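Okay, upload-v2.txt now, which holds compact mmCIF, C-alpha atoms and all ligand atoms:
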# COMPACT_ATOMS: atom_id res chain seq x y z
CA MET V 1 -8.85 -66.72 -62.33
CA VAL V 2 -7.33 -65.44 -59.04
CA ASP V 3 -3.66 -65.90 -57.98
CA TYR V 4 -2.67 -65.67 -54.32
CA THR V 5 0.57 -64.76 -52.49
CA GLU V 6 2.27 -67.34 -50.30
CA GLU V 7 0.45 -65.73 -47.35
CA GLY V 8 -2.88 -66.33 -49.04
CA SER V 9 -3.70 -62.74 -49.98
CA PRO V 10 -5.14 -62.11 -53.44
CA LEU V 11 -2.30 -61.19 -55.87
CA ARG V 12 -3.92 -60.84 -59.27
CA MET V 13 -7.18 -61.57 -60.97
CA ILE V 14 -7.53 -62.47 -64.64
CA GLY V 15 -10.84 -62.56 -66.47
CA THR V 16 -12.58 -61.67 -69.70
CA HIS V 17 -15.55 -59.48 -70.48
CA THR V 18 -18.05 -60.37 -73.18
CA ASP V 19 -20.36 -57.67 -74.41
CA ILE V 20 -23.77 -59.38 -74.61
CA SER V 21 -25.74 -56.26 -75.52
CA LYS V 22 -25.82 -57.29 -79.21
CA ARG V 23 -27.17 -60.73 -78.30
CA LYS V 24 -29.76 -59.25 -75.94
CA PHE V 25 -30.83 -56.79 -78.65
CA GLN V 26 -31.22 -59.67 -81.13
CA GLU V 27 -33.28 -61.66 -78.59
CA GLN V 28 -35.55 -58.64 -78.07
CA GLN V 29 -35.95 -58.22 -81.84
CA ASP V 30 -36.83 -61.92 -82.22
CA LYS V 31 -39.46 -61.61 -79.49
CA GLU V 32 -41.02 -58.54 -81.11
CA HIS V 33 -40.97 -60.24 -84.49
CA LEU V 34 -42.77 -63.27 -83.04
CA ASN V 35 -45.34 -60.99 -81.34
CA GLN V 36 -46.04 -59.23 -84.62
CA LEU V 37 -46.30 -62.46 -86.55
CA ALA V 38 -48.58 -63.92 -83.89
CA HIS V 39 -50.79 -60.84 -84.06
CA VAL V 40 -51.13 -61.02 -87.85
CA THR V 41 -52.01 -64.72 -87.78
CA ARG V 42 -54.43 -64.09 -84.89
CA LEU V 43 -56.25 -61.53 -87.03
CA GLY V 44 -56.38 -64.11 -89.83
CA LEU V 45 -57.88 -66.70 -87.47
CA MET V 46 -60.44 -64.17 -86.26
CA GLY V 47 -61.34 -63.32 -89.87
CA GLU V 48 -62.04 -66.99 -90.54
CA MET V 49 -64.17 -67.29 -87.42
CA ALA V 50 -66.00 -63.94 -87.64
CA THR V 51 -69.20 -65.20 -89.26
CA GLY V 52 -69.56 -67.98 -86.70
CA ILE V 53 -68.90 -65.62 -83.80
CA ALA V 54 -71.46 -63.12 -85.13
CA HIS V 55 -73.97 -65.98 -85.14
CA GLU V 56 -72.97 -66.93 -81.59
CA VAL V 57 -73.63 -63.33 -80.44
CA THR V 58 -76.95 -63.10 -82.29
CA GLN V 59 -78.39 -66.00 -80.31
CA PRO V 60 -78.23 -64.40 -76.82
CA LEU V 61 -79.33 -61.06 -78.31
CA THR V 62 -82.42 -62.69 -79.85
CA ALA V 63 -83.11 -64.42 -76.54
CA THR V 64 -82.81 -61.05 -74.75
CA VAL V 65 -85.40 -59.48 -77.08
CA ASN V 66 -87.77 -62.43 -76.54
CA TYR V 67 -87.39 -62.29 -72.75
CA ALA V 68 -87.97 -58.51 -72.81
CA SER V 69 -91.22 -59.05 -74.78
CA ALA V 70 -92.27 -61.68 -72.22
CA LEU V 71 -91.56 -59.18 -69.42
CA LYS V 72 -93.89 -56.63 -71.01
CA ILE V 73 -96.69 -59.20 -71.16
CA LEU V 74 -96.06 -60.38 -67.56
CA ALA V 75 -96.08 -56.78 -66.27
CA ALA V 76 -99.25 -55.78 -68.16
CA VAL V 77 -101.65 -57.95 -66.10
CA ASP V 78 -103.61 -56.63 -63.08
CA GLU V 79 -101.66 -58.61 -60.52
CA PRO V 80 -98.17 -59.23 -61.94
CA ASP V 81 -96.40 -62.38 -60.77
CA LEU V 82 -93.27 -60.80 -59.29
CA ALA V 83 -91.43 -64.10 -58.82
CA LYS V 84 -91.88 -64.93 -62.51
CA ILE V 85 -90.88 -61.41 -63.55
CA THR V 86 -87.69 -61.64 -61.47
CA LYS V 87 -86.84 -64.98 -63.07
CA VAL V 88 -87.29 -63.64 -66.61
CA ALA V 89 -85.35 -60.45 -65.74
CA ASN V 90 -82.47 -62.65 -64.53
CA SER V 91 -82.53 -64.51 -67.85
CA VAL V 92 -82.34 -61.16 -69.67
CA SER V 93 -79.17 -60.18 -67.83
CA GLU V 94 -77.64 -63.67 -68.20
CA GLN V 95 -78.09 -63.58 -71.98
CA ALA V 96 -76.85 -59.98 -72.28
CA LEU V 97 -73.77 -60.87 -70.21
CA ARG V 98 -73.08 -63.87 -72.43
CA ALA V 99 -73.20 -61.73 -75.58
CA GLY V 100 -70.96 -59.16 -73.87
CA LYS V 101 -68.46 -61.83 -72.84
CA ILE V 102 -68.12 -63.16 -76.38
CA ILE V 103 -67.55 -59.64 -77.75
CA HIS V 104 -65.04 -58.93 -74.98
CA ARG V 105 -63.08 -62.12 -75.77
CA MET V 106 -63.13 -61.31 -79.47
CA ARG V 107 -61.81 -57.79 -78.84
CA ALA V 108 -59.06 -59.01 -76.52
CA PHE V 109 -58.09 -61.66 -79.08
CA CYS V 110 -57.66 -59.08 -81.86
CA GLN V 111 -55.78 -56.48 -79.87
CA LYS V 112 -52.17 -55.80 -80.73
CA GLN V 113 -50.15 -56.10 -77.59
CA SER V 114 -46.65 -56.86 -76.50
CA ALA V 115 -46.28 -60.02 -74.40
CA ASN V 116 -48.39 -59.63 -71.27
CA MET V 117 -47.56 -62.27 -68.68
CA THR V 118 -50.15 -62.77 -65.95
CA SER V 119 -51.25 -65.49 -63.57
CA ILE V 120 -53.97 -67.54 -65.30
CA ASP V 121 -56.27 -70.42 -64.43
CA ILE V 122 -55.84 -72.69 -67.44
CA ASN V 123 -59.33 -74.24 -67.23
CA THR V 124 -60.92 -70.77 -67.44
CA LEU V 125 -58.73 -70.02 -70.46
CA ILE V 126 -59.88 -73.24 -72.14
CA LYS V 127 -63.54 -72.31 -71.53
CA ASP V 128 -62.92 -68.80 -72.94
CA CYS V 129 -61.55 -70.36 -76.12
CA ILE V 130 -64.68 -72.45 -76.46
CA LEU V 131 -66.79 -69.27 -76.45
CA LEU V 132 -65.07 -68.28 -79.70
CA CYS V 133 -64.99 -71.74 -81.34
CA ASN V 134 -68.41 -73.02 -80.29
CA SER V 135 -70.42 -71.94 -83.27
CA ASP V 136 -67.89 -73.43 -85.73
CA LEU V 137 -68.04 -76.76 -83.88
CA LYS V 138 -71.86 -76.76 -83.76
CA LYS V 139 -72.04 -75.92 -87.45
CA HIS V 140 -69.94 -78.99 -88.32
CA ASN V 141 -71.71 -81.28 -85.89
CA ILE V 142 -68.62 -81.79 -83.77
CA THR V 143 -69.09 -82.82 -80.15
CA LEU V 144 -66.69 -81.15 -77.75
CA ASN V 145 -65.69 -83.09 -74.63
CA LEU V 146 -63.95 -81.50 -71.69
CA GLU V 147 -61.74 -83.46 -69.32
CA LEU V 148 -60.38 -80.79 -67.03
CA ALA V 149 -58.42 -81.72 -63.92
CA GLU V 150 -59.38 -79.86 -60.77
CA ALA V 151 -57.19 -77.71 -58.52
CA LEU V 152 -54.50 -77.09 -61.14
CA PRO V 153 -51.85 -74.52 -60.23
CA ARG V 154 -52.15 -71.15 -61.95
CA LEU V 155 -49.75 -70.54 -64.83
CA PHE V 156 -47.75 -67.41 -65.49
CA ILE V 157 -48.43 -66.94 -69.19
CA ASP V 158 -49.54 -64.58 -71.94
CA ALA V 159 -53.21 -65.62 -72.01
CA ILE V 160 -53.93 -64.33 -75.53
CA GLN V 161 -50.96 -66.18 -77.02
CA ILE V 162 -51.89 -69.47 -75.36
CA GLU V 163 -55.52 -68.94 -76.44
CA GLN V 164 -54.26 -68.41 -79.98
CA VAL V 165 -52.43 -71.76 -79.88
CA LEU V 166 -55.47 -73.57 -78.53
CA ILE V 167 -57.88 -72.01 -81.02
CA ASN V 168 -55.49 -72.84 -83.85
CA LEU V 169 -55.32 -76.49 -82.75
CA ILE V 170 -59.10 -76.71 -82.28
CA ARG V 171 -59.67 -75.23 -85.74
CA ASN V 172 -57.16 -77.63 -87.31
CA SER V 173 -59.00 -80.54 -85.68
CA SER V 174 -62.35 -79.16 -86.78
CA GLU V 175 -61.14 -78.77 -90.38
CA ALA V 176 -59.62 -82.27 -90.40
CA LEU V 177 -62.86 -83.75 -89.04
CA THR V 178 -65.00 -81.83 -91.52
CA ALA V 179 -62.91 -83.02 -94.48
CA ASN V 180 -63.12 -86.62 -93.22
CA ASP V 181 -65.56 -89.07 -94.89
CA ASN V 182 -65.75 -91.31 -91.82
CA PRO V 183 -69.43 -91.47 -90.73
CA ALA V 184 -68.51 -91.99 -87.03
CA PRO V 185 -69.56 -89.13 -84.69
CA LYS V 186 -66.95 -86.37 -84.82
CA THR V 187 -65.39 -85.45 -81.49
CA ILE V 188 -62.75 -83.14 -80.10
CA THR V 189 -61.61 -83.64 -76.51
CA LEU V 190 -59.82 -80.93 -74.57
CA SER V 191 -58.00 -82.11 -71.46
CA SER V 192 -55.93 -80.41 -68.79
CA LEU V 193 -53.77 -82.35 -66.36
CA MET V 194 -50.58 -82.29 -64.32
CA LEU V 195 -47.93 -84.24 -66.22
CA ASP V 196 -45.60 -84.19 -63.23
CA GLU V 197 -44.91 -81.77 -60.39
CA GLN V 198 -43.38 -79.14 -62.66
CA ASN V 199 -45.39 -79.42 -65.84
CA LEU V 200 -49.00 -78.90 -66.78
CA GLN V 201 -50.34 -80.32 -70.02
CA ILE V 202 -53.23 -79.37 -72.28
CA GLN V 203 -54.29 -81.94 -74.87
CA VAL V 204 -56.36 -81.37 -78.00
CA ARG V 205 -57.51 -84.74 -79.31
CA ASP V 206 -59.66 -85.50 -82.36
CA ASN V 207 -60.93 -88.66 -84.01
CA GLY V 208 -60.21 -87.30 -87.49
CA PRO V 209 -58.24 -88.81 -90.37
CA GLY V 210 -54.85 -88.46 -88.68
CA ILE V 211 -51.70 -87.14 -90.36
CA GLU V 212 -49.72 -89.05 -92.98
CA THR V 213 -46.31 -90.21 -91.76
CA GLU V 214 -44.43 -88.24 -94.41
CA LEU V 215 -46.22 -85.01 -93.45
CA GLN V 216 -45.66 -85.64 -89.73
CA ASN V 217 -41.89 -85.12 -90.12
CA LYS V 218 -42.27 -81.57 -91.43
CA LEU V 219 -45.51 -80.52 -89.72
CA PHE V 220 -43.99 -77.64 -87.73
CA MET V 221 -42.14 -76.18 -90.70
CA PRO V 222 -43.51 -72.90 -92.11
CA PHE V 223 -45.63 -73.04 -95.28
CA VAL V 224 -46.41 -76.76 -94.94
CA THR V 225 -50.10 -77.22 -95.66
CA THR V 226 -52.49 -79.69 -97.28
CA LYS V 227 -55.34 -77.16 -97.49
CA THR V 228 -56.15 -75.34 -100.73
CA GLU V 229 -56.54 -72.06 -98.83
CA GLY V 230 -54.02 -72.86 -96.09
CA MET V 231 -50.95 -70.77 -95.28
CA GLY V 232 -49.13 -73.49 -93.37
CA MET V 233 -48.01 -70.97 -90.75
CA GLY V 234 -50.32 -71.98 -87.89
CA LEU V 235 -48.38 -74.83 -86.29
CA SER V 236 -45.01 -73.17 -86.84
CA ILE V 237 -46.17 -70.06 -84.94
CA CYS V 238 -47.94 -72.16 -82.30
CA ARG V 239 -44.69 -73.96 -81.58
CA SER V 240 -42.69 -70.69 -81.38
CA LEU V 241 -45.22 -69.24 -78.95
CA ILE V 242 -45.06 -72.30 -76.70
CA VAL V 243 -41.25 -72.38 -76.84
CA ALA V 244 -41.24 -68.66 -75.88
CA HIS V 245 -43.16 -69.82 -72.77
CA LYS V 246 -40.41 -72.38 -72.06
CA GLY V 247 -42.81 -75.19 -72.95
CA THR V 248 -43.13 -77.80 -75.70
CA LEU V 249 -45.66 -78.58 -78.42
CA SER V 250 -45.78 -82.13 -79.74
CA PHE V 251 -48.31 -84.55 -81.24
CA ASP V 252 -49.25 -88.16 -81.80
CA SER V 253 -51.20 -89.17 -84.85
CA LEU V 254 -52.53 -92.45 -86.13
CA PRO V 255 -53.86 -92.51 -89.68
CA GLU V 256 -57.63 -93.26 -89.64
CA LEU V 257 -57.82 -92.94 -85.84
CA GLY V 258 -57.03 -89.33 -85.10
CA THR V 259 -54.54 -86.85 -83.77
CA CYS V 260 -53.62 -85.50 -80.37
CA PHE V 261 -51.58 -82.33 -79.79
CA TYR V 262 -49.84 -81.84 -76.44
CA ILE V 263 -49.06 -78.40 -75.06
CA THR V 264 -46.77 -78.76 -72.07
CA LEU V 265 -46.10 -75.67 -69.96
CA PRO V 266 -43.88 -75.29 -66.93
CA VAL V 267 -45.44 -74.39 -63.60
CA ILE V 268 -43.06 -71.69 -62.47
CA ALA V 269 -43.24 -68.81 -60.05
CA SER V 270 -43.50 -65.43 -61.75
CA GLN V 271 -40.21 -64.16 -60.34
CA GLU V 272 -38.37 -67.18 -61.68
CA TYR V 273 -39.81 -66.57 -65.15
CA ILE V 274 -38.92 -62.89 -65.26
CA SER V 275 -35.28 -63.50 -64.31
P1 LIG T 301 -52.74 -74.66 -92.23
O1 LIG T 301 -53.87 -74.86 -91.26
O2 LIG T 301 -52.72 -73.29 -92.86
O3 LIG T 301 -52.63 -75.75 -93.24
P2 LIG T 301 -51.01 -75.47 -90.04
O4 LIG T 301 -49.56 -75.23 -89.81
O5 LIG T 301 -51.92 -75.08 -88.92
O6 LIG T 301 -51.38 -74.69 -91.37
O7 LIG T 301 -51.24 -77.01 -90.35
C1 LIG T 301 -50.40 -77.67 -91.29
C2 LIG T 301 -51.03 -78.97 -91.77
O8 LIG T 301 -51.07 -79.92 -90.70
C3 LIG T 301 -52.48 -78.86 -92.21
O9 LIG T 301 -52.59 -78.39 -93.54
C4 LIG T 301 -52.97 -80.30 -92.05
O10 LIG T 301 -52.64 -81.07 -93.18
C5 LIG T 301 -52.13 -80.84 -90.90
N1 LIG T 301 -52.89 -80.92 -89.62
C6 LIG T 301 -52.80 -80.09 -88.58
N2 LIG T 301 -53.60 -80.48 -87.58
C7 LIG T 301 -54.21 -81.61 -87.99
C8 LIG T 301 -55.17 -82.51 -87.39
N3 LIG T 301 -55.65 -82.33 -86.17
N4 LIG T 301 -55.56 -83.59 -88.14
C9 LIG T 301 -55.06 -83.81 -89.39
N5 LIG T 301 -54.18 -82.98 -90.00
C10 LIG T 301 -53.75 -81.90 -89.31

Would you mind giving the structure from this file in structure tokens?
Ligand code: ADP
Amino acid sequence: MVDYTEEGSPLRMIGTHTDISKRKFQEQQDKEHLNQLAHVTRLGLMGEMATGIAHEVTQPLTATVNYASALKILAAVDEPDLAKITKVANSVSEQALRAGKIIHRMRAFCQKQSANMTSIDINTLIKDCILLCNSDLKKHNITLNLELAEALPRLFIDAIQIEQVLINLIRNSSEALTANDNPAPKTITLSSLMLDEQNLQIQVRDNGPGIETELQNKLFMPFVTTKTEGMGMGLSICRSLIVAHKGTLSFDSLPELGTCFYITLPVIASQEYIS
């Protein structure tokens, strides 16, 4: 508050100071705690998916060996067909690159890191997640549909944390579909879209058994699980990670018809986020 003299010059100023260093320290601790928790659960997720991913890497490696054998045969003739050889050689590098990409994604996913905010194309991130989940989905006969909007703005996010949320939701859908007796074809649909000018949304939809109304009310609470081997931490951490990105995680579920999770993230300039 400022008082002035009759002439209008400043006379006195009264104010208060609040030391916010304690609060800032607590916020920093909370962030680090969430990062650590996220890392531990990420390692758990990777452990569950490891066998499937190993299988997914074996396929391109086997294809590489087969193409290399074909190359030897094609090159051993008197007049080698160079066009054919080039085509097979291209297939060798394509397959090797695919195997390398899966291993790279797996390594990045397991790394311990503090929050690393970068500008990300969300559709590329969704496709990267599929690289890691694919084999699990194939194994359980689940068809994956993609409905990705074009020309979406880039998001300023921690890619590994958002990948973790997506993979967690995809795995939950996959487990719900696998446990379901319904003989209808099992599908998961991943969509990306602009909700409005400021918010981008990713949806993970399944046609599984849905979630019972009573469970819906406490779904994001820690240690809530219906699985014999479940920890019940997945959704609680997913929500904290999305909230740390200034977004929201919600869902709709209809018993017998399926469940849809909505990740909504703000489209904000990097500078705005940092401040
Ligand atoms: P966990 O997977 O260890 O059980 P989560 O927090 O990820 O922990 O999930 C909590 C519970 O929410 C699950 O046990 C399951 O009952 C329910 N759930 C989550 N996603 C779905 C889904 N897509 N369909 C049906 N149930 C779901």

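Taking all atoms listed in the file into account, ligand LIG 301 (chain T) lies nearest to V:Cys260 out of the set V:Cys260, V:Leu249, V:Val77, V:Ala115.
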
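Based on all atoms listed in the file, the protein and nucleic acid residues found within 7 Å of ligand LIG 301 (chain T) are, by chain and then by number, Asn168, Leu169, Asn172, Ser173, Ala176, Asp206, Gly208, Pro209, Gly210, Ile211, Leu219, Phe220, Pro222, Val224, Thr225, Thr226, Lys227, Gly230, Met231, Gly232, Met233, Gly234, Leu235, Ser236, Gly258, Thr259 and Cys260 of chain V.
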
Store the residues picked out above in a file with C-alpha atoms, as a PDB file, in the frame of the given file.
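Written output follows (part.pdb):
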ATOM      1  CA  ASN V 168     -55.490 -72.840 -83.850  1.00  0.00           C
ATOM      2  CA  LEU V 169     -55.320 -76.490 -82.750  1.00  0.00           C
ATOM      3  CA  ASN V 172     -57.160 -77.630 -87.310  1.00  0.00           C
ATOM      4  CA  SER V 173     -59.000 -80.540 -85.680  1.00  0.00           C
ATOM      5  CA  ALA V 176     -59.620 -82.270 -90.400  1.00  0.00           C
ATOM      6  CA  ASP V 206     -59.660 -85.500 -82.360  1.00  0.00           C
ATOM      7  CA  GLY V 208     -60.210 -87.300 -87.490  1.00  0.00           C
ATOM      8  CA  PRO V 209     -58.240 -88.810 -90.370  1.00  0.00           C
ATOM      9  CA  GLY V 210     -54.850 -88.460 -88.680  1.00  0.00           C
ATOM     10  CA  ILE V 211     -51.700 -87.140 -90.360  1.00  0.00           C
ATOM     11  CA  LEU V 219     -45.510 -80.520 -89.720  1.00  0.00           C
ATOM     12  CA  PHE V 220     -43.990 -77.640 -87.730  1.00  0.00           C
ATOM     13  CA  PRO V 222     -43.510 -72.900 -92.110  1.00  0.00           C
ATOM     14  CA  VAL V 224     -46.410 -76.760 -94.940  1.00  0.00           C
ATOM     15  CA  THR V 225     -50.100 -77.220 -95.660  1.00  0.00           C
ATOM     16  CA  THR V 226     -52.490 -79.690 -97.280  1.00  0.00           C
ATOM     17  CA  LYS V 227     -55.340 -77.160 -97.490  1.00  0.00           C
ATOM     18  CA  GLY V 230     -54.020 -72.860 -96.090  1.00  0.00           C
ATOM     19  CA  MET V 231     -50.950 -70.770 -95.280  1.00  0.00           C
ATOM     20  CA  GLY V 232     -49.130 -73.490 -93.370  1.00  0.00           C
ATOM     21  CA  MET V 233     -48.010 -70.970 -90.750  1.00  0.00           C
ATOM     22  CA  GLY V 234     -50.320 -71.980 -87.890  1.00  0.00           C
ATOM     23  CA  LEU V 235     -48.380 -74.830 -86.290  1.00  0.00           C
ATOM     24  CA  SER V 236     -45.010 -73.170 -86.840  1.00  0.00           C
ATOM     25  CA  GLY V 258     -57.030 -89.330 -85.100  1.00  0.00           C
ATOM     26  CA  THR V 259     -54.540 -86.850 -83.770  1.00  0.00           C
ATOM     27  CA  CYS V 260     -53.620 -85.500 -80.370  1.00  0.00           C
TER      28      CYS V 260
END

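Non-sequential neighbours of Ile160 in chain V (distance at most 8 Å, separation of 4 or more positions within a chain, all atoms listed in the file) are Ala108, Phe109 and Gln164 of chain V.
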
Using all atoms listed in the file, the best pick from V:Ala179, V:Ala76, V:Ala70, V:Ile102 as closest to Val88 in chain V would be V:Ala70

Sorted by chain and rising residue number, list the residues of range 43-133 of chain V at most 12 Å from range 28-36 of chain V (counting all atoms listed in the file), each with its closest atom pair and distance in Å to one decimal, as a tab-separated table.
residue	atom	partner	partner_atom	distance
V:Leu43	CA	V:Gln36	CA	10.7
V:Cys110	CA	V:Gln36	CA	11.9
V:Gln111	CA	V:Gln36	CA	11.2
V:Lys112	CA	V:Gln36	CA	8.0
V:Gln113	CA	V:Asn35	CA	7.8
V:Ser114	CA	V:Asn35	CA	6.5
V:Ala115	CA	V:Asn35	CA	7.1
V:Asn116	CA	V:Asn35	CA	10.6

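Interatomic distance, CA of Val92 in chain V against CA of Cys133 in chain V: 23.4 Å.
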
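Among V:Asn207, V:Asn134, V:Gln198, V:Ser240, the residue with the shortest atom-to-atom distance to Ala184 in chain V, counting all atoms listed in the file, is V:Asn207.
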
In Å, with one decimal, what is the gap from CA of Asn90 in chain V to CA of Val57 in chain V?
-> 18.2 Å

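Counting all atoms listed in the file, the residue from V:Lys218, V:Lys87, V:His245, V:His140 that sits nearest to Phe156 in chain V is V:His245.
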
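Of the listed residues (V:Leu200, V:Ala96, V:Leu254, V:Val40), V:Leu200 comes nearest to Leu152 in chain V; the distances count only C-alpha atoms.
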
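With only C-alpha atoms as the atoms that count, the minimum distance from Lys139 in chain V to the choices V:Pro183, V:Gly100, V:Gly52, V:Pro80 is reached by V:Gly52.
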
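One distance worth recording is that between CA of Ala149 in chain V and CA of Ser192 in chain V, which is 5.6 Å.
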
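By all atoms listed in the file, and with residues fewer than 4 positions from Ile142 in chain V along its chain excluded, the set lying at most 7 Å from it is Leu137, Lys138, Lys186 and Thr187 of chain V.
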
Leaving out range 119-130 of chain V and any residue of its chain fewer than 6 positions from it, which residues lie within 10 Å of it when counting all atoms listed in the file, given as a ChimeraX atom specification?
-> /V:101-102,105-106,109,136-137,144,146-160,162-167,170,190-193,200-202,269-270

List every protein, DNA or RNA residue with an atom no more than 9 Å from (-41.8, -85.3, -82.2) in the file's coordinates, counting all atoms listed in the file, and format the result as a PyMOL selection string.
-> chain V and resi 216-217+249-252

Quick one: everything within 8 Å of Ala89 in chain V, counting only C-alpha atoms, minus sequence neighbours fewer than 4 positions away in the same chain. Send it as a PyMOL selection string.
-> chain V and resi 67-68+71+85+93

Could range 153-166 of chain V be completed with N, CA, C and O atoms and written as a PDB file, keeping the file's coordinate frame, please?
ATOM      1  N   PRO V 153     -52.509 -75.788 -60.619  1.00  0.00           N
ATOM      2  CA  PRO V 153     -51.850 -74.520 -60.230  1.00  0.00           C
ATOM      3  C   PRO V 153     -52.040 -73.488 -61.333  1.00  0.00           C
ATOM      4  O   PRO V 153     -52.195 -73.832 -62.501  1.00  0.00           O
ATOM      5  N   ARG V 154     -52.031 -72.208 -60.946  1.00  0.00           N
ATOM      6  CA  ARG V 154     -52.150 -71.150 -61.950  1.00  0.00           C
ATOM      7  C   ARG V 154     -50.845 -71.082 -62.740  1.00  0.00           C
ATOM      8  O   ARG V 154     -49.790 -71.428 -62.220  1.00  0.00           O
ATOM      9  N   LEU V 155     -50.952 -70.664 -64.006  1.00  0.00           N
ATOM     10  CA  LEU V 155     -49.750 -70.540 -64.830  1.00  0.00           C
ATOM     11  C   LEU V 155     -49.438 -69.078 -65.086  1.00  0.00           C
ATOM     12  O   LEU V 155     -50.356 -68.263 -65.175  1.00  0.00           O
ATOM     13  N   PHE V 156     -48.164 -68.770 -65.194  1.00  0.00           N
ATOM     14  CA  PHE V 156     -47.750 -67.410 -65.490  1.00  0.00           C
ATOM     15  C   PHE V 156     -47.486 -67.323 -66.989  1.00  0.00           C
ATOM     16  O   PHE V 156     -46.421 -67.735 -67.471  1.00  0.00           O
ATOM     17  N   ILE V 157     -48.506 -66.858 -67.726  1.00  0.00           N
ATOM     18  CA  ILE V 157     -48.430 -66.940 -69.190  1.00  0.00           C
ATOM     19  C   ILE V 157     -49.032 -65.690 -69.850  1.00  0.00           C
ATOM     20  O   ILE V 157     -49.712 -64.908 -69.186  1.00  0.00           O
ATOM     21  N   ASP V 158     -48.825 -65.587 -71.153  1.00  0.00           N
ATOM     22  CA  ASP V 158     -49.540 -64.580 -71.940  1.00  0.00           C
ATOM     23  C   ASP V 158     -50.836 -65.268 -72.416  1.00  0.00           C
ATOM     24  O   ASP V 158     -50.809 -66.112 -73.313  1.00  0.00           O
ATOM     25  N   ALA V 159     -51.948 -64.899 -71.782  1.00  0.00           N
ATOM     26  CA  ALA V 159     -53.210 -65.620 -72.010  1.00  0.00           C
ATOM     27  C   ALA V 159     -53.621 -65.592 -73.479  1.00  0.00           C
ATOM     28  O   ALA V 159     -54.049 -66.619 -74.033  1.00  0.00           O
ATOM     29  N   ILE V 160     -53.460 -64.438 -74.133  1.00  0.00           N
ATOM     30  CA  ILE V 160     -53.930 -64.330 -75.530  1.00  0.00           C
ATOM     31  C   ILE V 160     -53.108 -65.249 -76.440  1.00  0.00           C
ATOM     32  O   ILE V 160     -53.633 -65.897 -77.332  1.00  0.00           O
ATOM     33  N   GLN V 161     -51.797 -65.329 -76.168  1.00  0.00           N
ATOM     34  CA  GLN V 161     -50.960 -66.180 -77.020  1.00  0.00           C
ATOM     35  C   GLN V 161     -51.296 -67.662 -76.832  1.00  0.00           C
ATOM     36  O   GLN V 161     -51.334 -68.427 -77.793  1.00  0.00           O
ATOM     37  N   ILE V 162     -51.547 -68.058 -75.585  1.00  0.00           N
ATOM     38  CA  ILE V 162     -51.890 -69.470 -75.360  1.00  0.00           C
ATOM     39  C   ILE V 162     -53.286 -69.763 -75.929  1.00  0.00           C
ATOM     40  O   ILE V 162     -53.525 -70.827 -76.508  1.00  0.00           O
ATOM     41  N   GLU V 163     -54.197 -68.783 -75.817  1.00  0.00           N
ATOM     42  CA  GLU V 163     -55.520 -68.940 -76.440  1.00  0.00           C
ATOM     43  C   GLU V 163     -55.371 -69.125 -77.945  1.00  0.00           C
ATOM     44  O   GLU V 163     -56.050 -69.949 -78.555  1.00  0.00           O
ATOM     45  N   GLN V 164     -54.478 -68.330 -78.530  1.00  0.00           N
ATOM     46  CA  GLN V 164     -54.260 -68.410 -79.980  1.00  0.00           C
ATOM     47  C   GLN V 164     -53.815 -69.836 -80.371  1.00  0.00           C
ATOM     48  O   GLN V 164     -54.306 -70.399 -81.342  1.00  0.00           O
ATOM     49  N   VAL V 165     -52.905 -70.398 -79.585  1.00  0.00           N
ATOM     50  CA  VAL V 165     -52.430 -71.760 -79.880  1.00  0.00           C
ATOM     51  C   VAL V 165     -53.593 -72.747 -79.802  1.00  0.00           C
ATOM     52  O   VAL V 165     -53.817 -73.558 -80.703  1.00  0.00           O
ATOM     53  N   LEU V 166     -54.362 -72.630 -78.722  1.00  0.00           N
ATOM     54  CA  LEU V 166     -55.470 -73.570 -78.530  1.00  0.00           C
ATOM     55  C   LEU V 166     -56.511 -73.451 -79.650  1.00  0.00           C
ATOM     56  O   LEU V 166     -56.969 -74.464 -80.189  1.00  0.00           O
TER      57      LEU V 166
END
